[in-house]
Amino acid sequence: MPRRRSYDQYCAAARALDAVGDRWTLLIVRELLTGPRRYTDLHADLPGVSTDMLAGRLKEMEGAGLVTRRRLPPPVPAHVYELTERGRALLPVLRALAEWGAPALDEPRPTDAVRAHWLALPLLGPLEAARGPGVVQVDLDEGPFHVRTGEDGGAGYGDGPAQAADARVRTDLATCRALAAGELTLAEAVVAGRAVVDEPSP
C-alpha cells in the first residue's frame, strides 16, 4: 500500500489523526463498535459513502491495525470486518465527540439519514447516570438498540434488541436528543410521559 498522508508532526494528537482523521474513518468505527459487520451491512448503514471510498478506508484501517477481516465459518460464505483491541479503544473518543456534538443535533434535516443505533453513543452517559451498570434496550419507532454501561470497561452498544436486558426504555427520537444534550434526565422524561421504563420480572 502507498504511504498514507501524514501531518509529519511529532505530536500524539497528530499521530492519532494520521490514523483516524480521514473522512468516514470514525463513522466506520462507530458501526463496528456494534460488533462484526459484513461489507454490505456497513455500506447500508453509512449512507453517502461510495463503495470505492469504503473499501479504501477499510484497507487503510487494516493497515493501521484498527480493523481485521475474517471469513465466517460455513454455511455462511461471507467475510466480516471487526475492530481490533486498538480499534475498540476508540470508544471513549467517539463518546466524547458524541457528547460534544449532541447539542447541535436539533431536529433532523430533510436530507438526514437516521438509524436508531446512532443514538446509542450520546445516550451511553445519560443512561449510565440513570441506571448504573447493566444492559438497557431502547425502543424507538426507527428500531431498537441496546447499550451496556458500567465502570468495568465493558461499556458499549449494539444494533437491535438485547439478548437479555436489565431494563427497556420506550421513547422517541426527540426525547433521545434531549437526553443526549442534557436537557432532561430519564426520570424527568418518564414523569413527563415522554419515556416508559419497563423492568424485567424477578
# chains A, B, ... in the order shown; residues from 1 in each chain; ligands from 1

call {"tool": "residues_around", "arguments": {"residues": "region 180-193 of chain A", "least_positions_apart": "6", "cutoff": "8 Å", "atoms": "only C-alpha atoms", "output": "ChimeraX atom specification"}}
result
/A:99,102-103,122-123,125-127,130

call {"tool": "select_by_dssp", "arguments": {"residues": "region 54-196 of chain A", "states": "strand (DSSP E or B)", "output": "PyMOL selection string"}}
result
chain A and resi 67-71+79-83+134-140+143-149+156-159+167-170+196

call {"tool": "select_by_dssp", "arguments": {"residues": "region 13-142 of chain A", "states": "helix (DSSP H, G or I)", "output": "MDAnalysis selection string"}}
result
chainID A and resid 13:20 25:32 39:44 51:63 85:88 91:104 116:131

call {"tool": "closest_residue", "arguments": {"among": "A:Thr40, A:Thr25, A:Thr34, A:Thr111", "to": "Met61 (chain A)", "atoms": "only C-alpha atoms"}}
result
A:Thr25

call {"tool": "residues_around", "arguments": {"residues": "Gly48 (chain A)", "least_positions_apart": "2", "cutoff": "12 Å", "atoms": "only C-alpha atoms", "output": "list in words"}}
result
Arg23, Trp24, Leu27, Leu42, His43, Ala44, Asp45, Leu46, Ser50, Thr51, Asp52, Met53, Leu54, Thr111, Asp112 and Ala113 of chain A

call {"tool": "closest_residue", "arguments": {"among": "A:Leu91, A:Leu179, A:Leu105, A:Val147", "to": "Ala164 (chain A)", "atoms": "only C-alpha atoms"}}
result
A:Val147

call {"tool": "residues_around", "arguments": {"residues": "Ala165 (chain A)", "least_positions_apart": "3", "cutoff": "8 Å", "atoms": "only C-alpha atoms", "output": "mmCIF file with C-alpha atoms, in the first residue's frame"}}
result
data_model
loop_
_atom_site.group_PDB
_atom_site.id
_atom_site.type_symbol
_atom_site.label_atom_id
_atom_site.label_comp_id
_atom_site.auth_asym_id
_atom_site.auth_seq_id
_atom_site.Cartn_x
_atom_site.Cartn_y
_atom_site.Cartn_z
ATOM 1 C CA GLY A 134 -26.269 -3.026 33.132
ATOM 2 C CA VAL A 135 -27.888 -3.502 29.741
ATOM 3 C CA VAL A 136 -30.661 -1.171 28.603
ATOM 4 C CA GLN A 137 -32.675 -1.760 25.450
ATOM 5 C CA ALA A 162 -30.566 -7.077 23.572
ATOM 6 C CA ARG A 168 -36.302 -1.470 28.392
ATOM 7 C CA PRO A 200 -37.981 -7.377 33.909
#

call {"tool": "closest_residue", "arguments": {"among": "A:Ala116, A:Leu121, A:Ala129, A:Ala174", "to": "Gly143 (chain A)", "atoms": "only C-alpha atoms"}}
result
A:Ala116

call {"tool": "closest_residue", "arguments": {"among": "A:Glu31, A:Glu142, A:Asp8, A:Asp41", "to": "Gly156 (chain A)", "atoms": "only C-alpha atoms"}}
result
A:Glu31

call {"tool": "residues_around", "arguments": {"residues": "Thr149 (chain A)", "least_positions_apart": "6", "cutoff": "6 Å", "atoms": "only C-alpha atoms", "output": "number ranges by chain"}}
result
A: 128, 133-134, 155

call {"tool": "residues_around", "arguments": {"residues": "Arg194 (chain A)", "least_positions_apart": "5", "cutoff": "8 Å", "atoms": "only C-alpha atoms", "output": "compact mmCIF listing (two decimals) with C-alpha atoms, in the first residue's frame"}}
result
# COMPACT_ATOMS: atom_id res chain seq x y z
CA THR A 171 -39.28 6.69 23.83
CA ASP A 172 -38.88 8.77 20.69
CA THR A 175 -36.57 12.67 23.69
CA ALA A 189 -38.75 12.11 30.71

call {"tool": "residues_around", "arguments": {"residues": "Thr84 (chain A)", "least_positions_apart": "4", "cutoff": "9 Å", "atoms": "only C-alpha atoms", "output": "ChimeraX atom specification"}}
result
/A:65-68,88-89

call {"tool": "write_last_selection", "arguments": {"atoms": "N, CA and C atoms", "output": "mmCIF file, in the first residue's frame"}}
result
data_model
loop_
_atom_site.group_PDB
_atom_site.id
_atom_site.type_symbol
_atom_site.label_atom_id
_atom_site.label_comp_id
_atom_site.auth_asym_id
_atom_site.auth_seq_id
_atom_site.Cartn_x
_atom_site.Cartn_y
_atom_site.Cartn_z
ATOM 1 N N GLY A 65 -3.920 -1.258 11.767
ATOM 2 C CA GLY A 65 -4.145 -2.128 12.918
ATOM 3 C C GLY A 65 -5.418 -1.838 13.681
ATOM 4 N N LEU A 66 -6.387 -1.187 13.031
ATOM 5 C CA LEU A 66 -7.658 -0.874 13.685
ATOM 6 C C LEU A 66 -8.730 -1.910 13.400
ATOM 7 N N VAL A 67 -8.626 -2.586 12.273
ATOM 8 C CA VAL A 67 -9.668 -3.491 11.782
ATOM 9 C C VAL A 67 -9.026 -4.781 11.288
ATOM 10 N N THR A 68 -9.723 -5.884 11.479
ATOM 11 C CA THR A 68 -9.326 -7.146 10.857
ATOM 12 C C THR A 68 -10.492 -7.664 10.030
ATOM 13 N N ARG A 88 -11.153 -0.867 19.160
ATOM 14 C CA ARG A 88 -12.180 -0.748 20.201
ATOM 15 C C ARG A 88 -11.829 0.319 21.226
ATOM 16 N N ALA A 89 -10.540 0.604 21.369
ATOM 17 C CA ALA A 89 -10.111 1.633 22.322
ATOM 18 C C ALA A 89 -10.541 3.032 21.894
#

call {"tool": "decode", "arguments": {"residues": "region 31-80 of chain A", "atoms": "N, CA and C atoms", "output": "PDB file, in the first residue's frame"}}
result
ATOM      1  N   GLU A  31     -19.778   2.145  13.483  1.00  0.00           N
ATOM      2  CA  GLU A  31     -20.564   0.984  13.070  1.00  0.00           C
ATOM      3  C   GLU A  31     -19.967  -0.315  13.612  1.00  0.00           C
ATOM      4  N   LEU A  32     -18.651  -0.437  13.588  1.00  0.00           N
ATOM      5  CA  LEU A  32     -18.022  -1.687  14.013  1.00  0.00           C
ATOM      6  C   LEU A  32     -18.014  -1.853  15.529  1.00  0.00           C
ATOM      7  N   LEU A  33     -18.248  -0.777  16.267  1.00  0.00           N
ATOM      8  CA  LEU A  33     -18.379  -0.911  17.714  1.00  0.00           C
ATOM      9  C   LEU A  33     -19.633  -1.696  18.103  1.00  0.00           C
ATOM     10  N   THR A  34     -20.567  -1.852  17.172  1.00  0.00           N
ATOM     11  CA  THR A  34     -21.743  -2.684  17.450  1.00  0.00           C
ATOM     12  C   THR A  34     -21.421  -4.165  17.309  1.00  0.00           C
ATOM     13  N   GLY A  35     -20.253  -4.492  16.725  1.00  0.00           N
ATOM     14  CA  GLY A  35     -19.863  -5.886  16.517  1.00  0.00           C
ATOM     15  C   GLY A  35     -19.421  -6.104  15.082  1.00  0.00           C
ATOM     16  N   PRO A  36     -18.985  -7.319  14.752  1.00  0.00           N
ATOM     17  CA  PRO A  36     -18.528  -7.612  13.388  1.00  0.00           C
ATOM     18  C   PRO A  36     -19.626  -7.331  12.370  1.00  0.00           C
ATOM     19  N   ARG A  37     -19.222  -6.776  11.215  1.00  0.00           N
ATOM     20  CA  ARG A  37     -20.195  -6.422  10.185  1.00  0.00           C
ATOM     21  C   ARG A  37     -19.693  -6.865   8.824  1.00  0.00           C
ATOM     22  N   ARG A  38     -20.638  -7.315   7.985  1.00  0.00           N
ATOM     23  CA  ARG A  38     -20.308  -7.588   6.593  1.00  0.00           C
ATOM     24  C   ARG A  38     -20.181  -6.275   5.836  1.00  0.00           C
ATOM     25  N   TYR A  39     -19.450  -6.316   4.746  1.00  0.00           N
ATOM     26  CA  TYR A  39     -19.240  -5.114   3.940  1.00  0.00           C
ATOM     27  C   TYR A  39     -20.579  -4.510   3.518  1.00  0.00           C
ATOM     28  N   THR A  40     -21.499  -5.352   3.059  1.00  0.00           N
ATOM     29  CA  THR A  40     -22.795  -4.842   2.583  1.00  0.00           C
ATOM     30  C   THR A  40     -23.573  -4.171   3.709  1.00  0.00           C
ATOM     31  N   ASP A  41     -23.480  -4.708   4.935  1.00  0.00           N
ATOM     32  CA  ASP A  41     -24.172  -4.095   6.071  1.00  0.00           C
ATOM     33  C   ASP A  41     -23.540  -2.755   6.431  1.00  0.00           C
ATOM     34  N   LEU A  42     -22.207  -2.715   6.385  1.00  0.00           N
ATOM     35  CA  LEU A  42     -21.525  -1.446   6.640  1.00  0.00           C
ATOM     36  C   LEU A  42     -21.955  -0.393   5.621  1.00  0.00           C
ATOM     37  N   HIS A  43     -21.973  -0.782   4.372  1.00  0.00           N
ATOM     38  CA  HIS A  43     -22.335   0.166   3.320  1.00  0.00           C
ATOM     39  C   HIS A  43     -23.770   0.660   3.499  1.00  0.00           C
ATOM     40  N   ALA A  44     -24.664  -0.222   3.916  1.00  0.00           N
ATOM     41  CA  ALA A  44     -26.064   0.166   4.106  1.00  0.00           C
ATOM     42  C   ALA A  44     -26.224   1.162   5.252  1.00  0.00           C
ATOM     43  N   ASP A  45     -25.394   1.056   6.290  1.00  0.00           N
ATOM     44  CA  ASP A  45     -25.523   1.949   7.444  1.00  0.00           C
ATOM     45  C   ASP A  45     -24.571   3.131   7.396  1.00  0.00           C
ATOM     46  N   LEU A  46     -23.938   3.335   6.247  1.00  0.00           N
ATOM     47  CA  LEU A  46     -23.114   4.521   6.026  1.00  0.00           C
ATOM     48  C   LEU A  46     -23.589   5.224   4.754  1.00  0.00           C
ATOM     49  N   PRO A  47     -24.850   5.676   4.749  1.00  0.00           N
ATOM     50  CA  PRO A  47     -25.373   6.304   3.536  1.00  0.00           C
ATOM     51  C   PRO A  47     -24.525   7.502   3.130  1.00  0.00           C
ATOM     52  N   GLY A  48     -24.222   7.557   1.850  1.00  0.00           N
ATOM     53  CA  GLY A  48     -23.415   8.641   1.329  1.00  0.00           C
ATOM     54  C   GLY A  48     -21.994   8.247   0.988  1.00  0.00           C
ATOM     55  N   VAL A  49     -21.517   7.109   1.540  1.00  0.00           N
ATOM     56  CA  VAL A  49     -20.159   6.683   1.228  1.00  0.00           C
ATOM     57  C   VAL A  49     -20.184   5.846  -0.047  1.00  0.00           C
ATOM     58  N   SER A  50     -19.233   6.084  -0.933  1.00  0.00           N
ATOM     59  CA  SER A  50     -19.150   5.273  -2.149  1.00  0.00           C
ATOM     60  C   SER A  50     -18.505   3.934  -1.833  1.00  0.00           C
ATOM     61  N   THR A  51     -18.755   2.939  -2.680  1.00  0.00           N
ATOM     62  CA  THR A  51     -18.157   1.625  -2.449  1.00  0.00           C
ATOM     63  C   THR A  51     -16.631   1.704  -2.514  1.00  0.00           C
ATOM     64  N   ASP A  52     -16.094   2.505  -3.434  1.00  0.00           N
ATOM     65  CA  ASP A  52     -14.643   2.650  -3.534  1.00  0.00           C
ATOM     66  C   ASP A  52     -14.066   3.292  -2.279  1.00  0.00           C
ATOM     67  N   MET A  53     -14.731   4.325  -1.777  1.00  0.00           N
ATOM     68  CA  MET A  53     -14.254   5.001  -0.573  1.00  0.00           C
ATOM     69  C   MET A  53     -14.274   4.060   0.623  1.00  0.00           C
ATOM     70  N   LEU A  54     -15.381   3.308   0.785  1.00  0.00           N
ATOM     71  CA  LEU A  54     -15.496   2.395   1.920  1.00  0.00           C
ATOM     72  C   LEU A  54     -14.429   1.312   1.845  1.00  0.00           C
ATOM     73  N   ALA A  55     -14.253   0.730   0.670  1.00  0.00           N
ATOM     74  CA  ALA A  55     -13.233  -0.313   0.515  1.00  0.00           C
ATOM     75  C   ALA A  55     -11.842   0.239   0.808  1.00  0.00           C
ATOM     76  N   GLY A  56     -11.572   1.442   0.348  1.00  0.00           N
ATOM     77  CA  GLY A  56     -10.275   2.050   0.585  1.00  0.00           C
ATOM     78  C   GLY A  56     -10.032   2.351   2.048  1.00  0.00           C
ATOM     79  N   ARG A  57     -11.055   2.885   2.715  1.00  0.00           N
ATOM     80  CA  ARG A  57     -10.907   3.193   4.139  1.00  0.00           C
ATOM     81  C   ARG A  57     -10.701   1.912   4.952  1.00  0.00           C
ATOM     82  N   LEU A  58     -11.439   0.865   4.637  1.00  0.00           N
ATOM     83  CA  LEU A  58     -11.278  -0.386   5.373  1.00  0.00           C
ATOM     84  C   LEU A  58      -9.873  -0.953   5.187  1.00  0.00           C
ATOM     85  N   LYS A  59      -9.336  -0.842   3.974  1.00  0.00           N
ATOM     86  CA  LYS A  59      -7.977  -1.329   3.719  1.00  0.00           C
ATOM     87  C   LYS A  59      -6.968  -0.512   4.510  1.00  0.00           C
ATOM     88  N   GLU A  60      -7.162   0.804   4.554  1.00  0.00           N
ATOM     89  CA  GLU A  60      -6.268   1.657   5.331  1.00  0.00           C
ATOM     90  C   GLU A  60      -6.364   1.343   6.823  1.00  0.00           C
ATOM     91  N   MET A  61      -7.578   1.086   7.302  1.00  0.00           N
ATOM     92  CA  MET A  61      -7.773   0.783   8.720  1.00  0.00           C
ATOM     93  C   MET A  61      -7.155  -0.568   9.085  1.00  0.00           C
ATOM     94  N   GLU A  62      -7.201  -1.519   8.144  1.00  0.00           N
ATOM     95  CA  GLU A  62      -6.496  -2.781   8.372  1.00  0.00           C
ATOM     96  C   GLU A  62      -4.996  -2.529   8.485  1.00  0.00           C
ATOM     97  N   GLY A  63      -4.466  -1.711   7.589  1.00  0.00           N
ATOM     98  CA  GLY A  63      -3.047  -1.405   7.617  1.00  0.00           C
ATOM     99  C   GLY A  63      -2.618  -0.694   8.884  1.00  0.00           C
ATOM    100  N   ALA A  64      -3.535   0.093   9.468  1.00  0.00           N
ATOM    101  CA  ALA A  64      -3.236   0.824  10.702  1.00  0.00           C
ATOM    102  C   ALA A  64      -3.464  -0.017  11.948  1.00  0.00           C
ATOM    103  N   GLY A  65      -3.920  -1.258  11.767  1.00  0.00           N
ATOM    104  CA  GLY A  65      -4.145  -2.128  12.918  1.00  0.00           C
ATOM    105  C   GLY A  65      -5.418  -1.838  13.681  1.00  0.00           C
ATOM    106  N   LEU A  66      -6.387  -1.187  13.031  1.00  0.00           N
ATOM    107  CA  LEU A  66      -7.658  -0.874  13.685  1.00  0.00           C
ATOM    108  C   LEU A  66      -8.730  -1.910  13.400  1.00  0.00           C
ATOM    109  N   VAL A  67      -8.626  -2.586  12.273  1.00  0.00           N
ATOM    110  CA  VAL A  67      -9.668  -3.491  11.782  1.00  0.00           C
ATOM    111  C   VAL A  67      -9.026  -4.781  11.288  1.00  0.00           C
ATOM    112  N   THR A  68      -9.723  -5.884  11.479  1.00  0.00           N
ATOM    113  CA  THR A  68      -9.326  -7.146  10.857  1.00  0.00           C
ATOM    114  C   THR A  68     -10.492  -7.664  10.030  1.00  0.00           C
ATOM    115  N   ARG A  69     -10.170  -8.514   9.076  1.00  0.00           N
ATOM    116  CA  ARG A  69     -11.186  -9.118   8.212  1.00  0.00           C
ATOM    117  C   ARG A  69     -11.058 -10.624   8.349  1.00  0.00           C
ATOM    118  N   ARG A  70     -12.183 -11.307   8.565  1.00  0.00           N
ATOM    119  CA  ARG A  70     -12.140 -12.767   8.697  1.00  0.00           C
ATOM    120  C   ARG A  70     -13.346 -13.382   7.999  1.00  0.00           C
ATOM    121  N   ARG A  71     -13.172 -14.624   7.627  1.00  0.00           N
ATOM    122  CA  ARG A  71     -14.244 -15.346   6.942  1.00  0.00           C
ATOM    123  C   ARG A  71     -15.122 -16.039   7.969  1.00  0.00           C
ATOM    124  N   LEU A  72     -16.428 -15.927   7.790  1.00  0.00           N
ATOM    125  CA  LEU A  72     -17.357 -16.622   8.679  1.00  0.00           C
ATOM    126  C   LEU A  72     -17.305 -18.118   8.398  1.00  0.00           C
ATOM    127  N   PRO A  73     -17.513 -18.952   9.419  1.00  0.00           N
ATOM    128  CA  PRO A  73     -17.499 -20.400   9.185  1.00  0.00           C
ATOM    129  C   PRO A  73     -18.704 -20.831   8.360  1.00  0.00           C
ATOM    130  N   PRO A  74     -18.606 -21.991   7.675  1.00  0.00           N
ATOM    131  CA  PRO A  74     -19.746 -22.498   6.905  1.00  0.00           C
ATOM    132  C   PRO A  74     -20.960 -22.658   7.814  1.00  0.00           C
ATOM    133  N   PRO A  75     -22.181 -22.507   7.283  1.00  0.00           N
ATOM    134  CA  PRO A  75     -22.516 -22.409   5.857  1.00  0.00           C
ATOM    135  C   PRO A  75     -22.632 -20.980   5.331  1.00  0.00           C
ATOM    136  N   VAL A  76     -22.084 -19.996   6.062  1.00  0.00           N
ATOM    137  CA  VAL A  76     -22.225 -18.605   5.630  1.00  0.00           C
ATOM    138  C   VAL A  76     -21.001 -18.201   4.813  1.00  0.00           C
ATOM    139  N   PRO A  77     -21.142 -18.048   3.492  1.00  0.00           N
ATOM    140  CA  PRO A  77     -19.985 -17.702   2.647  1.00  0.00           C
ATOM    141  C   PRO A  77     -19.747 -16.196   2.620  1.00  0.00           C
ATOM    142  N   ALA A  78     -19.304 -15.648   3.743  1.00  0.00           N
ATOM    143  CA  ALA A  78     -19.127 -14.197   3.808  1.00  0.00           C
ATOM    144  C   ALA A  78     -17.939 -13.854   4.696  1.00  0.00           C
ATOM    145  N   HIS A  79     -17.413 -12.665   4.481  1.00  0.00           N
ATOM    146  CA  HIS A  79     -16.367 -12.113   5.337  1.00  0.00           C
ATOM    147  C   HIS A  79     -16.986 -11.013   6.199  1.00  0.00           C
ATOM    148  N   VAL A  80     -16.408 -10.821   7.373  1.00  0.00           N
ATOM    149  CA  VAL A  80     -16.837  -9.727   8.236  1.00  0.00           C
ATOM    150  C   VAL A  80     -15.612  -8.907   8.621  1.00  0.00           C
TER     151      VAL A  80
END
